[in-house]
Structure formats: C-alpha cells, structure tokens
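Heads up, data.txt below (compact mmCIF, C-alpha atoms):
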# COMPACT_ATOMS: atom_id res chain seq x y z
CA MET P 117 0.00 0.00 0.00
CA PRO P 118 1.51 3.39 -0.93
CA LYS P 119 2.36 5.55 2.02
CA THR P 120 0.77 8.96 2.35
CA ILE P 121 3.14 11.87 2.03
CA GLU P 122 3.22 13.75 5.31
CA LYS P 123 2.20 17.40 5.15
CA ASN P 124 4.82 19.96 6.19
CA ARG P 125 7.50 17.34 5.85
CA LYS P 126 10.97 18.87 5.78
CA THR P 127 13.71 16.47 4.84
CA LEU P 128 17.00 17.44 6.43
CA ASN P 129 19.39 16.75 3.57
CA ASN P 130 22.49 17.40 5.63
CA VAL P 131 21.39 15.51 8.74
CA CYS P 132 21.75 11.82 9.56
CA LEU P 133 20.58 10.03 12.70
CA LEU P 134 22.99 7.52 14.24
CA ALA P 135 20.88 5.43 16.57
CA SER P 136 20.35 2.19 18.35
CA ASP P 137 16.93 1.22 19.65
CA ASN P 138 16.89 3.05 22.96
CA ALA P 139 14.56 5.53 24.62
CA ARG P 140 16.78 8.45 23.66
CA ALA P 141 16.69 7.61 19.96
CA ARG P 142 12.92 7.02 20.08
CA ALA P 143 12.43 10.40 21.76
CA TYR P 144 14.67 12.21 19.27
CA LEU P 145 12.89 10.74 16.31
CA ASP P 146 9.41 11.28 17.71
CA LEU P 147 9.95 14.93 18.60
CA LEU P 148 11.69 15.72 15.31
CA ILE P 149 8.89 14.12 13.33
CA LYS P 150 6.27 16.00 15.36
CA GLU P 151 8.00 19.19 14.18
CA GLY P 152 7.99 17.93 10.59
CA LEU P 153 11.77 17.47 10.63
CA TYR P 154 13.03 14.27 9.00
CA PRO P 155 16.68 13.19 8.90
CA SER P 156 17.52 12.24 5.33
CA LEU P 157 19.20 9.05 6.53
CA ALA P 158 19.42 6.88 9.62
CA ILE P 159 22.19 4.50 10.56
CA TYR P 160 20.63 1.94 12.83
CA LEU P 161 23.05 0.03 15.03
CA ILE P 162 22.34 -3.36 16.50
CA THR P 163 25.13 -3.63 19.06
CA SER P 164 25.74 -6.65 21.22
CA ASN P 165 28.61 -5.57 23.44
CA VAL P 166 27.02 -2.63 25.21
CA VAL P 167 25.70 -1.64 28.60
CA LYS P 168 22.22 -3.02 29.20
CA THR P 169 19.63 -0.27 29.29
CA PRO P 170 16.23 -0.65 31.03
CA THR P 171 14.21 -3.10 28.96
CA VAL P 172 10.78 -1.79 29.95
CA LEU P 173 9.47 0.56 27.27
CA GLN P 174 7.96 3.09 29.65
CA GLU P 175 4.81 4.39 28.04
CA ASN P 176 4.36 8.10 28.65
CA ASP P 177 2.63 11.26 27.44
CA LEU P 178 5.79 13.02 26.35
CA PHE P 179 7.01 10.87 23.46
CA ASP P 180 6.39 7.59 21.69
CA ASN P 181 8.53 5.18 23.64
CA THR P 182 6.81 1.97 22.63
CA THR P 183 7.18 1.82 18.87
CA PRO P 184 10.51 0.23 17.91
CA ILE P 185 12.72 2.74 16.14
CA THR P 186 12.92 0.60 12.98
CA GLU P 187 9.14 0.69 12.71
CA THR P 188 9.08 4.49 13.01
CA LEU P 189 11.86 4.87 10.42
CA ASN P 190 10.03 2.57 8.05
CA LYS P 191 6.65 4.18 8.63
CA HIS P 192 8.06 7.60 7.74
CA ASP P 193 10.15 6.41 4.81
CA ILE P 194 13.45 7.46 6.29
CA PRO P 195 16.19 5.58 4.42
CA THR P 196 18.04 3.37 6.87
CA ILE P 197 21.34 1.53 6.89
CA THR P 198 21.35 -1.24 9.47
CA ILE P 199 24.67 -2.38 10.91
CA GLU P 200 25.02 -5.34 13.24
CA THR P 201 28.16 -4.88 15.24
CA GLU P 202 29.80 -5.84 18.49
CA SER P 203 30.62 -2.28 19.37
CA LEU P 204 29.87 1.27 18.34
CA ASN P 205 33.50 1.83 17.44
CA ASN P 206 33.68 -0.99 14.92
CA GLU P 207 35.58 -0.13 11.72
CA GLU P 208 32.47 -0.85 9.64
CA VAL P 209 30.50 1.85 11.45
CA ILE P 210 33.32 4.38 11.05
CA LYS P 211 33.63 3.59 7.31
CA GLU P 212 29.90 4.03 6.83
CA ILE P 213 30.01 7.40 8.60
CA HIS P 214 32.93 8.57 6.46
CA LYS P 215 30.98 7.72 3.29
CA LEU P 216 27.99 9.88 4.25
CA LYS P 217 27.09 12.97 2.27
CA GLN P 218 25.46 14.37 5.40
CA ASP P 219 27.73 16.53 7.58
CA ILE P 220 25.64 16.61 10.74
CA ILE P 221 25.06 13.37 12.60
CA ILE P 222 22.64 13.32 15.49
CA PHE P 223 24.16 10.90 17.96
CA ALA P 224 21.74 8.57 19.73
CA GLY P 225 23.93 5.50 19.94
CA PRO P 226 24.14 2.91 22.70
CA ALA P 227 24.25 4.12 26.31
CA GLY P 228 27.74 4.85 27.51
CA GLY P 229 29.07 4.63 23.95
CA LEU P 230 31.98 6.97 23.33
CA LEU P 231 33.17 7.78 19.84
CA THR P 232 36.80 6.99 19.11
CA GLU P 233 39.13 9.28 17.17
CA GLY P 234 38.42 7.62 13.82
CA PHE P 235 34.90 9.05 13.71
CA PHE P 236 36.23 12.61 13.60
CA ALA P 237 38.76 12.08 10.81
CA LYS P 238 36.51 13.37 8.01
CA GLY P 239 35.22 16.48 9.75
CA LYS P 240 31.69 15.21 10.39
CA LYS P 241 29.85 17.01 13.17
CA PHE P 242 28.34 14.77 15.83
CA LEU P 243 25.45 16.50 17.56
CA HIS P 244 24.92 15.23 21.10
CA ALA P 245 22.66 16.22 23.98
CA HIS P 246 24.46 15.86 27.31
CA PRO P 247 22.18 15.70 30.38
CA GLY P 248 24.24 18.18 32.39
CA LYS P 249 25.25 21.80 32.38
CA LEU P 250 28.65 22.20 30.71
CA PRO P 251 31.40 22.72 31.62
CA GLU P 252 30.25 22.26 35.23
CA TYR P 253 28.82 18.74 34.97
CA ARG P 254 30.77 16.43 32.68
CA GLY P 255 30.68 12.66 32.65
CA SER P 256 28.03 10.11 33.47
CA THR P 257 24.58 10.60 35.09
CA PRO P 258 25.15 14.33 35.72
CA MET P 259 21.40 14.89 35.97
CA TYR P 260 21.29 13.26 39.39
CA TYR P 261 24.23 15.28 40.71
CA SER P 262 22.58 18.41 39.36
CA LEU P 263 19.28 17.50 41.03
CA ILE P 264 21.09 17.25 44.37
CA ASN P 265 23.12 20.42 43.91
CA GLU P 266 20.77 22.64 41.91
CA ASN P 267 17.29 21.06 42.08
CA ASN P 268 17.09 21.00 38.30
CA ILE P 269 18.37 19.21 35.22
CA THR P 270 20.17 21.05 32.44
CA VAL P 271 20.70 19.57 29.00
CA THR P 272 23.54 20.92 26.88
CA ALA P 273 23.74 20.39 23.14
CA LEU P 274 27.30 20.11 21.88
CA PHE P 275 29.39 18.83 19.04
CA LEU P 276 31.34 15.83 20.25
CA ASN P 277 35.12 15.66 19.99
CA GLU P 278 37.68 13.07 21.06
CA LYS P 279 37.47 14.14 24.70
CA ILE P 280 34.55 13.30 26.97
CA ASP P 281 32.00 16.14 27.02
CA GLU P 282 34.58 18.75 26.04
CA GLY P 283 33.27 19.60 22.57
CA GLU P 284 31.94 22.97 21.43
CA ILE P 285 28.72 24.04 23.13
CA ILE P 286 25.68 24.92 21.02
CA GLN P 287 22.95 25.69 23.53
CA SER P 288 21.50 24.52 26.82
CA LYS P 289 18.14 24.41 28.55
CA THR P 290 17.26 23.95 32.20
CA PHE P 291 14.28 21.84 33.25
CA THR P 292 12.63 22.11 36.64
CA GLU P 293 9.27 20.44 36.02
CA ILE P 294 9.74 16.77 36.81
CA ASN P 295 6.50 15.29 38.02
CA ASP P 296 7.85 11.86 38.82
CA LYS P 297 11.58 11.70 39.47
CA THR P 298 11.53 7.89 39.41
CA LEU P 299 11.05 8.18 35.64
CA ILE P 300 14.20 10.18 34.94
CA ASP P 301 16.15 7.34 33.30
CA THR P 302 13.32 6.03 31.17
CA VAL P 303 11.28 9.15 30.32
CA TYR P 304 12.56 12.57 31.40
CA ASP P 305 16.21 12.19 30.45
CA PRO P 306 15.44 11.08 26.87
CA TYR P 307 12.62 13.62 26.57
CA PHE P 308 14.66 16.59 27.83
CA ARG P 309 17.52 15.68 25.52
CA ALA P 310 15.13 15.29 22.58
CA THR P 311 13.65 18.73 23.32
CA VAL P 312 17.08 20.35 23.08
CA ILE P 313 18.10 18.39 19.96
CA THR P 314 14.85 19.41 18.27
CA ASP P 315 15.45 23.07 19.21
CA VAL P 316 18.94 22.91 17.69
CA ILE P 317 17.64 21.36 14.46
CA LYS P 318 14.78 23.87 14.27
CA ASN P 319 17.29 26.71 14.57
CA TYR P 320 19.48 25.01 11.98
CA THR P 321 16.67 24.87 9.46
CA LYS P 322 15.97 28.55 10.12
CA ASN P 323 19.57 29.81 10.05
CA GLY P 324 21.29 27.29 7.81
CA SER P 325 24.12 26.79 10.28
CA ILE P 326 24.76 25.77 13.87
CA LYS P 327 26.80 28.13 16.00
CA ALA P 328 28.97 26.51 18.65
CA VAL P 329 31.51 27.95 21.04
CA PRO P 330 34.50 26.23 22.66
CA GLN P 331 34.07 25.46 26.34
CA GLU P 332 36.48 26.20 29.16
CA THR P 333 37.99 22.76 29.53
CA ASP P 334 39.86 23.57 32.74
CA LYS P 335 36.60 24.22 34.55
CA GLY P 336 33.98 21.84 35.91
CA GLU P 337 33.91 18.35 37.38
CA THR P 338 33.78 14.99 35.66
CA TYR P 339 31.27 12.78 37.41
CA CYS P 340 31.01 9.00 37.27
CA ILE P 341 27.94 6.75 37.39
CA ILE P 342 25.96 7.81 40.40
CA HIS P 343 25.87 5.46 43.36
CA PRO P 344 22.35 4.07 43.96
CA LEU P 345 22.20 5.74 47.37
CA LEU P 346 22.89 9.20 45.96
CA LYS P 347 20.39 8.46 43.20
CA HIS P 348 17.74 7.75 45.87
CA ILE P 349 18.60 11.00 47.64
CA ALA P 350 18.31 12.89 44.33
CA ILE P 351 14.90 11.32 43.65
CA LEU P 352 13.50 11.66 47.18
CA GLY P 353 14.97 15.08 47.92
CA ASN P 354 12.54 17.94 48.28
CA ASN P 355 14.77 20.97 48.14
CA MET H 223 17.43 -4.78 49.81
CA TYR H 224 20.89 -3.13 49.98
CA LYS H 225 22.91 -5.58 47.92
CA TYR H 226 25.81 -3.45 46.73
CA SER H 227 28.27 -4.67 49.36
CA GLU H 228 27.35 -8.31 48.78
CA PHE H 229 28.94 -8.54 45.34
CA ASP H 230 32.35 -7.78 43.91
CA SER H 231 31.84 -4.54 42.00
CA ARG H 232 35.24 -4.96 40.32
CA GLU H 233 33.95 -7.83 38.23
CA ASP H 234 31.11 -5.96 36.53
CA LYS H 235 31.65 -2.56 34.97
CA SER H 236 27.92 -1.95 34.73
CA PHE H 237 27.42 -2.80 38.42
CA TYR H 238 25.97 0.60 39.31
CA MET H 239 24.31 1.44 36.01
CA TYR H 240 20.55 2.01 35.78
CA SER H 241 20.05 1.08 39.42
CA GLU H 242 16.39 0.69 40.31
CA PHE H 243 14.52 3.06 42.58
CA LYS H 244 13.34 1.18 45.68
CA GLY H 245 11.89 3.96 47.79
CA PHE H 246 12.92 5.40 51.12
CA GLU H 247 13.35 1.89 52.56
CA PHE H 248 16.46 1.58 50.44
CA ILE H 249 18.12 4.38 52.41
CA GLU H 250 17.14 2.72 55.69
CA ASP H 251 18.52 -0.60 54.47
CA TYR H 252 21.75 1.04 53.38
CA LYS H 253 22.21 2.52 56.86
CA GLN H 254 21.49 -0.78 58.55
CA SER H 255 23.92 -2.55 56.25
CA ARG H 256 26.67 -0.07 57.16
CA LEU H 257 25.88 -0.35 60.89
CA ASN H 258 26.11 -4.14 60.60
CA ALA H 259 29.53 -3.74 59.02
CA ILE H 260 30.67 -1.53 61.90
CA GLU H 261 29.44 -4.13 64.36
CA LEU H 262 31.33 -6.85 62.54
CA ILE H 263 34.49 -4.73 62.62
CA ASN H 264 34.05 -4.18 66.37
CA THR H 265 33.72 -7.92 66.90
CA LYS H 266 36.86 -8.53 64.87
CA ILE H 267 38.74 -5.86 66.81
CA ASP H 268 37.56 -7.29 70.14
CA SER H 269 38.95 -10.66 69.20
CA SER H 270 42.13 -9.00 67.99
CA ASN H 271 44.45 -11.72 69.28
CA SER H 272 44.29 -13.29 65.89
CA LEU H 273 44.88 -10.02 64.06
CA SER H 274 48.24 -8.85 62.88
CA GLU H 275 50.07 -6.05 64.67
CA SER H 276 48.95 -2.58 63.93
CA THR H 277 51.43 -0.36 62.17
CA ASN H 278 51.83 3.21 63.31
CA THR H 279 52.27 6.63 61.86
CA ASP H 280 56.07 6.30 61.97
CA ASN H 281 55.68 4.40 58.74
CA TYR H 282 54.89 7.60 56.93
CA THR H 283 56.98 8.11 53.83
CA LYS H 284 57.35 11.40 52.01
CA LEU H 285 54.77 11.78 49.26
CA THR H 286 55.93 12.06 45.68
CA THR H 287 54.29 14.62 43.45
CA ALA H 288 52.18 13.03 40.71
CA GLY H 289 54.18 12.60 37.51
CA GLU H 290 57.60 12.65 39.24
CA ASN H 291 58.39 8.96 39.63
CA GLU H 292 56.86 5.53 39.43
CA ILE H 293 54.70 5.07 42.52
CA ASP H 294 53.46 2.19 44.59
CA THR H 295 49.69 2.54 45.05
CA LEU H 296 49.43 1.13 48.56
CA SER H 297 52.27 3.13 50.08
CA THR H 298 51.18 6.33 48.31
CA LEU H 299 47.61 6.07 49.53
CA LYS H 300 48.82 5.16 53.01
CA SER H 301 51.12 8.17 53.11
CA CYS H 302 48.27 10.39 51.92
CA VAL H 303 46.10 9.21 54.82
CA LEU H 304 48.92 9.50 57.33
CA SER H 305 49.58 13.07 56.20
CA PHE H 306 46.28 13.88 57.88
CA TYR H 307 47.11 12.00 61.05
CA THR H 308 50.54 13.54 61.40
CA ASN H 309 49.22 16.94 60.38
CA ASN H 310 52.13 17.44 58.05
CA LEU H 311 52.31 19.87 55.17
CA GLN H 312 51.83 17.48 52.28
CA ARG H 313 48.07 17.70 52.03
CA GLU H 314 48.10 19.47 48.70
CA ILE H 315 49.96 16.54 47.21
CA ALA H 316 47.56 14.17 48.99
CA CYS H 317 44.68 16.09 47.41
CA ASP H 318 46.15 15.52 43.92
CA TRP H 319 46.57 11.83 44.60
CA CYS H 320 43.04 11.55 45.95
CA ASP H 321 41.77 13.04 42.71
CA ILE H 322 43.90 10.71 40.56
CA PHE H 323 43.02 7.52 42.42
CA THR H 324 39.34 8.42 42.68
CA LYS H 325 39.18 8.77 38.89
CA LYS H 326 41.08 5.53 38.33
CA PHE H 327 38.89 3.66 40.79
CA GLU H 328 35.64 5.03 39.35
CA ILE H 329 36.60 4.29 35.75
CA ALA H 330 38.58 1.04 35.98
CA ARG H 331 37.13 -0.25 39.29
CA LYS H 332 40.49 -1.92 40.02
CA LEU H 333 43.61 -0.10 41.16
CA LYS H 334 46.92 -1.54 40.03
CA THR H 335 49.96 -2.15 42.21
CA LYS H 336 52.18 0.45 40.56
CA TYR H 337 51.81 3.39 38.18
CA ASP H 338 54.55 4.98 36.08
CA LYS H 339 55.39 8.66 35.70
CA ASN H 340 52.57 9.06 33.19
CA LEU H 341 50.20 7.46 35.69
CA LYS H 342 49.78 4.38 33.49
CA PRO H 343 49.87 0.98 35.23
CA SER H 344 53.43 -0.31 35.34
CA ASP H 345 52.43 -3.52 37.06
CA LYS H 346 49.36 -5.35 35.86
CA ASN H 347 48.61 -6.88 39.25
CA GLU H 348 45.84 -5.44 41.32
CA THR H 349 46.78 -3.61 44.49
CA LEU H 350 45.89 -5.05 47.90
CA ILE H 351 42.47 -4.58 49.53
CA GLU H 352 44.06 -2.17 52.01
CA SER H 353 44.52 0.40 49.23
CA TYR H 354 40.75 0.73 48.83
CA VAL H 355 40.40 1.30 52.59
CA TYR H 356 42.99 4.07 52.44
CA LEU H 357 41.24 5.55 49.41
CA ALA H 358 37.90 5.53 51.22
CA LEU H 359 39.36 7.31 54.22
CA LEU H 360 41.20 9.79 52.04
CA THR H 361 38.02 10.76 50.19
CA CYS H 362 36.37 11.41 53.59
CA TYR H 363 38.86 14.18 54.33
CA PHE H 364 38.23 15.86 51.01
CA ILE H 365 34.45 15.56 51.26
CA GLU H 366 34.77 17.58 54.45
CA ALA H 367 37.28 20.00 53.01
CA LYS H 368 35.28 20.58 49.83
CA ASP H 369 31.85 21.16 51.37
CA LEU H 370 30.18 17.80 50.77
CA ASN H 371 31.79 17.16 47.38
CA LEU H 372 29.52 14.70 45.59
CA ARG H 373 32.21 13.29 43.33
CA TYR H 374 34.22 12.13 46.34
CA LEU H 375 31.12 11.03 48.24
CA ASN H 376 30.18 8.87 45.26
CA ALA H 377 33.62 7.25 45.22
CA LEU H 378 33.52 6.77 48.99
CA LEU H 379 30.23 4.86 48.80
CA LYS H 380 31.59 2.59 46.07
CA ALA H 381 34.92 2.05 47.83
CA ASN H 382 33.18 1.10 51.06
CA ASP H 383 30.80 -1.25 49.23
CA LEU H 384 33.92 -3.04 48.04
CA ASN H 385 35.68 -2.83 51.42
CA ILE H 386 32.69 -4.33 53.21
CA TYR H 387 32.44 -7.05 50.57
CA ASN H 388 36.10 -7.87 51.41
CA ILE H 389 35.81 -7.39 55.17
CA ASN H 390 36.59 -11.00 56.03
CA HIS H 391 39.90 -10.77 54.22
CA ILE H 392 41.09 -7.84 56.32
CA GLN H 393 43.18 -9.05 59.25
CA ASN H 394 45.15 -5.95 60.09
CA LEU H 395 43.93 -4.04 63.14
CA GLU H 396 44.94 -0.64 61.82
CA ILE H 397 43.15 -1.23 58.51
CA LEU H 398 40.02 -2.37 60.34
CA ASN H 399 40.07 0.80 62.41
CA PHE H 400 40.55 2.90 59.30
CA LEU H 401 37.66 1.12 57.62
CA LYS H 402 35.44 1.67 60.64
CA GLU H 403 36.35 5.34 60.65
CA SER H 404 35.59 5.73 56.95
CA ILE H 405 32.18 4.02 57.29
CA GLU H 406 31.31 6.24 60.26
CA LYS H 407 32.35 9.34 58.35
CA GLU H 408 30.41 8.16 55.30
CA LEU H 409 27.26 7.73 57.41
CA TYR H 410 27.77 11.19 58.87
CA HIS H 411 28.04 12.78 55.41
CA ILE H 412 25.02 10.88 54.12
CA GLU H 413 22.92 11.95 57.12
CA LYS H 414 23.98 15.52 56.49
CA LEU H 415 22.98 15.27 52.82
CA ILE H 416 19.64 13.63 53.64
CA LYS H 417 18.90 16.48 56.04
CA LYS H 418 20.00 19.12 53.54
CA LYS H 419 17.71 17.65 50.88
CA SER H 420 14.77 17.15 53.32
CA CYS H 421 14.72 13.59 52.17
CA TYR H 422 12.26 11.70 54.33
CA ALA H 423 9.75 8.89 53.96
CA LYS H 424 6.38 10.20 52.76
CA ASN H 425 4.59 9.33 55.99
CA ASN H 426 7.14 11.28 58.11

What's the structure tokens form of this structure?
Amino acid sequence: MPKTIEKNRKTLNNVCLLASDNARARAYLDLLIKEGLYPSLAIYLITSNVVKTPTVLQENDLFDNTTPITETLNKHDIPTITIETESLNNEEVIKEIHKLKQDIIIFAGPAGGLLTEGFFAKGKKFLHAHPGKLPEYRGSTPMYYSLINENNITVTALFLNEKIDEGEIIQSKTFTEINDKTLIDTVYDPYFRATVITDVIKNYTKNGSIKAVPQETDKGETYCIIHPLLKHIAILGNN
Amino acid sequence: MYKYSEFDSREDKSFYMYSEFKGFEFIEDYKQSRLNAIELINTKIDSSNSLSESTNTDNYTKLTTAGENEIDTLSTLKSCVLSFYTNNLQREIACDWCDIFTKKFEIARKLKTKYDKNLKPSDKNETLIESYVYLALLTCYFIEAKDLNLRYLNALLKANDLNIYNINHIQNLEILNFLKESIEKELYHIEKLIKKKSCYAKNN
C-alpha cells in the first residue's frame, strides 16, 4: 500500500541520525517528526557488546517510547542503513560514517558509547545532547548530581570531539518540572535531551548553520555513574 | 534490599548502572547494612588476638608529586592518609593523589599495584584490599574539606561497598580501624545530605 506523504515534511538533507533502539533515539525521532523534521538518513546500530539499558518501554505522554525505532523509520520512509556490530566503534561503522554525504550526525547511539578518534577524521559534526550543564557537569549521570546540587536538570547540546564532554557548546536548557523523578532514566532524560536536539535542528533549518563555542575545559567536574544511594537522595529530595 | 556490598563490583563494569529506585526503605537498608559492618568490625577488633600487629604513623613516607616517579599505590595512599594524622604539610599533594586515584577507581574499578610517571599501570597486578580502605578514608577528608563534594562522596560509597564485601579478608587491626572510621564518616556525610535535601519517607 503506498504511504501517504506527510504534510509539512521537511527532509534534512544534511542531517543523519545515528541510533540504536533506545529511549533516547525514540524520543529524538518522535519529537523531530512532530516538528515535521526528517533526517535524510538513519544509521541503525544493532550492538551486542554494550551496557544493558532498562528493557521496559515506559509508556508516557511526552514521546512515543513503545514503537521500535525501525518501525518508526520505516513508517516515515526514512532511508536506513542497518549495521550489526559488536561495538559502536567498529571499523564498519566508522567507514559508513565517512561515506555519508550528510555533515551533521545526530548521535543517539548505545548508552555509555563513546566515539573513538576515527569518527572525527573526516570532519563530520556529531550532535549530542548531554544531560548536564557544561562545563560544570561532565561525565556520566550528571542529571542526578545536578538535582542534588541545583534542584534541576540542564541539558547541553554540543558537538562531540575526542574528549569526553569537552566539545563545542551549542545551547542549553534547564528543566525544573519533573512530576515523577523515578522516571528520569526512562522518560525525562530522553525527553529533555530530545527537546534540546529538536530546538537545535529547528534553529538550523531557520539559520542554515549551527553556531557553537569552545568550552572552558579547565573548569567543571567529571562525574562517574551515580551510586544508587545518591540516586535515591536525588529522587527523594525535596529541596 | 541493599545488595551493593554483597557482590564484587570490580567484576562488573555496569554494576551501578541504571540502578532501580526502591523507595525510602532503600536508604534505611543502606544505613542498617553499614551499621552491621561496623558491628562486625568491632567484633573482629575485640577478638584482635588473631589479628596482625597494627602499624603506626612512623611508617609515613614522604609523598611524591604526581608525575615525578613511578609510585606504589598502597604506600602512596597510606602516606596520603597519614599526612592527615601527622598533620604534616603534604596535604596538597595528597589532594592531587586523591583526585587521581578516585578517577582511576571510578573508571577502571580496580587499582593496580604500581603506576609509572605518566600514571599508566606499570604492574598489571591489582593492588591489595588495604589500598581501597585508604582511598575511602582519604576521600572522607576531602568531602569535608570541599563542602560535601559529591564526586568524592560517590567514590567513597563505592569504595566502602567493596571494602565491606572484602571485610573477612582484612586481618590488620589498623586497617580495620581505618575502615570503621571511613564508614562512620560516610554515614555522617550521608545523614547531612539527607537532612540538607529534606529527604524523608512520605509518611514522616
């Protein structure tokens, strides 16, 4: 059956989505599509050697978290290259990225996946949403540290480079409305990040470029995966 | 419910990832688990006939600045801790080492026996359990000094999970006392944070 052409569809000729099937990628795609913004290509990674993410597809009112990403890509006719690989940094993935005509790659790869040097060799720009204010909160699970210290979560959009969370900063947004803090991992974190990514892409379609500024790399802290006790304090804390 | 000191966190890099929310009871269980550990340490200290002799602060060796020479992890961490006991002037160097070892512990989970001038492992063997006790105690000092620094508090909780997991392998009286002190300090900091965040059970 022929698919209906979506009204107000804007294909982003210079934008590719690099994704695995996780809540973050589902949120990115859902919010972009709701704005009529369609990456011209998706690279879908099936990775085996990665950190296990929560398997429950938490249904919610903020984004479609239950439709598998491949189904959404197919439904909206977004051309997709599927790569089965042990790790994100496999040579095959890097080669595929280098071949792309798109210059901007929205990164929604496996959790904890860090891009190795090879990815940056051809000058591609990897757009990432980091769930912490930069440069203050680098590293892993910064949203929980920020909840304890600042009672909010900031998401910063940046272009990735070889160093962890030290790339050029594009924009950031602070979120204070979190109705159920037990849903941060499965709902709010992916949703907040998707909101910022969508804002960046909206601005890009308006301005034709993405402005980014270097960050002060000697400032800030690099945090590591939050201990479950501190996570409980972040969730249960009232002020 | 508090299971994090019942397993060897060094064997699973995703040990703390996506931990589930278990409600306020989790915090209560954590506290009880730590108090049980203190009690066990007290029992071991009371029956200290079988424990090895305690060393003393005379064993302090001058700290080397990071990047100067190859270092031995255990003796460096020990000297860092003793710099606080002897109130000597090497705390700035101890602060640098605390930062370095905290990062290594958080990222790799295992500390190696020796590190070269570039802070790369020069001996592939893992350091002794005692090093993690010294690291835990060292982070306590800097949590205090840096106004409840969450990065160090995070490392302290993980180090003490591991130390309690290994508690039956610790036979040295001094190390047991250091471990007890670090758990007590950890509980103090956690209570302070809970109070600061008004973090209570809903029916309180």

### Query
Excluding same-chain residues fewer than 6 positions from region 242-245 of chain H, what lies within 9 Å of it counting all atoms listed in the file, as a PyMOL selection string?
(chain P and resi 298+344+347-348+351-352) or (chain H and resi 223+423)

### Task
Just the residues within 10 Å of region 259-269 of chain P, please, counting only C-alpha atoms, with nothing from its chain fewer than 6 positions along; format it as an MDAnalysis selection string.
(chainID P and resid 246:249 252:253 289:294 297 300:301 304:305 308 339:343 346:355) or (chainID H and resid 371:373 376 415 418:419)

### Query
Using only C-alpha atoms, which residues sit within 12 Å of Ile317 (chain P) once same-chain residues fewer than 6 positions away are excluded, as a ChimeraX atom specification?
/P:126-133,144-145,147-149,151-155,220-222,243-245,273,286-287,310-311,323-327

### Query
Quick one, how far is CA of Leu341 (chain H) from CA of Phe275 (chain P)?
29.0 Å

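Coordinates place CA of Ile351 (chain H) at a distance of 23.8 Å from CA of Ile412 (chain H).
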
### Best match for closeness to chain H among P:Asn295, P:Thr257, P:Thr196, P:Ser288, counting only C-alpha atoms
P:Thr257

With 8 Å of padding per side, what axis-aligned box (centre and edge lengths, Å, one decimal) covers all the listed atoms of region 244-258 of chain P? Give it as AutoDock Vina command-line options.
--center_x 26.8 --center_y 16.4 --center_z 28.4 --size_x 25.2 --size_y 28.6 --size_z 30.6

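Restricting the calculation to all atoms listed in the file, the smallest distance between chain P and any of H:Tyr307, H:Phe248, H:Phe400, H:Tyr363 is found for H:Phe248.
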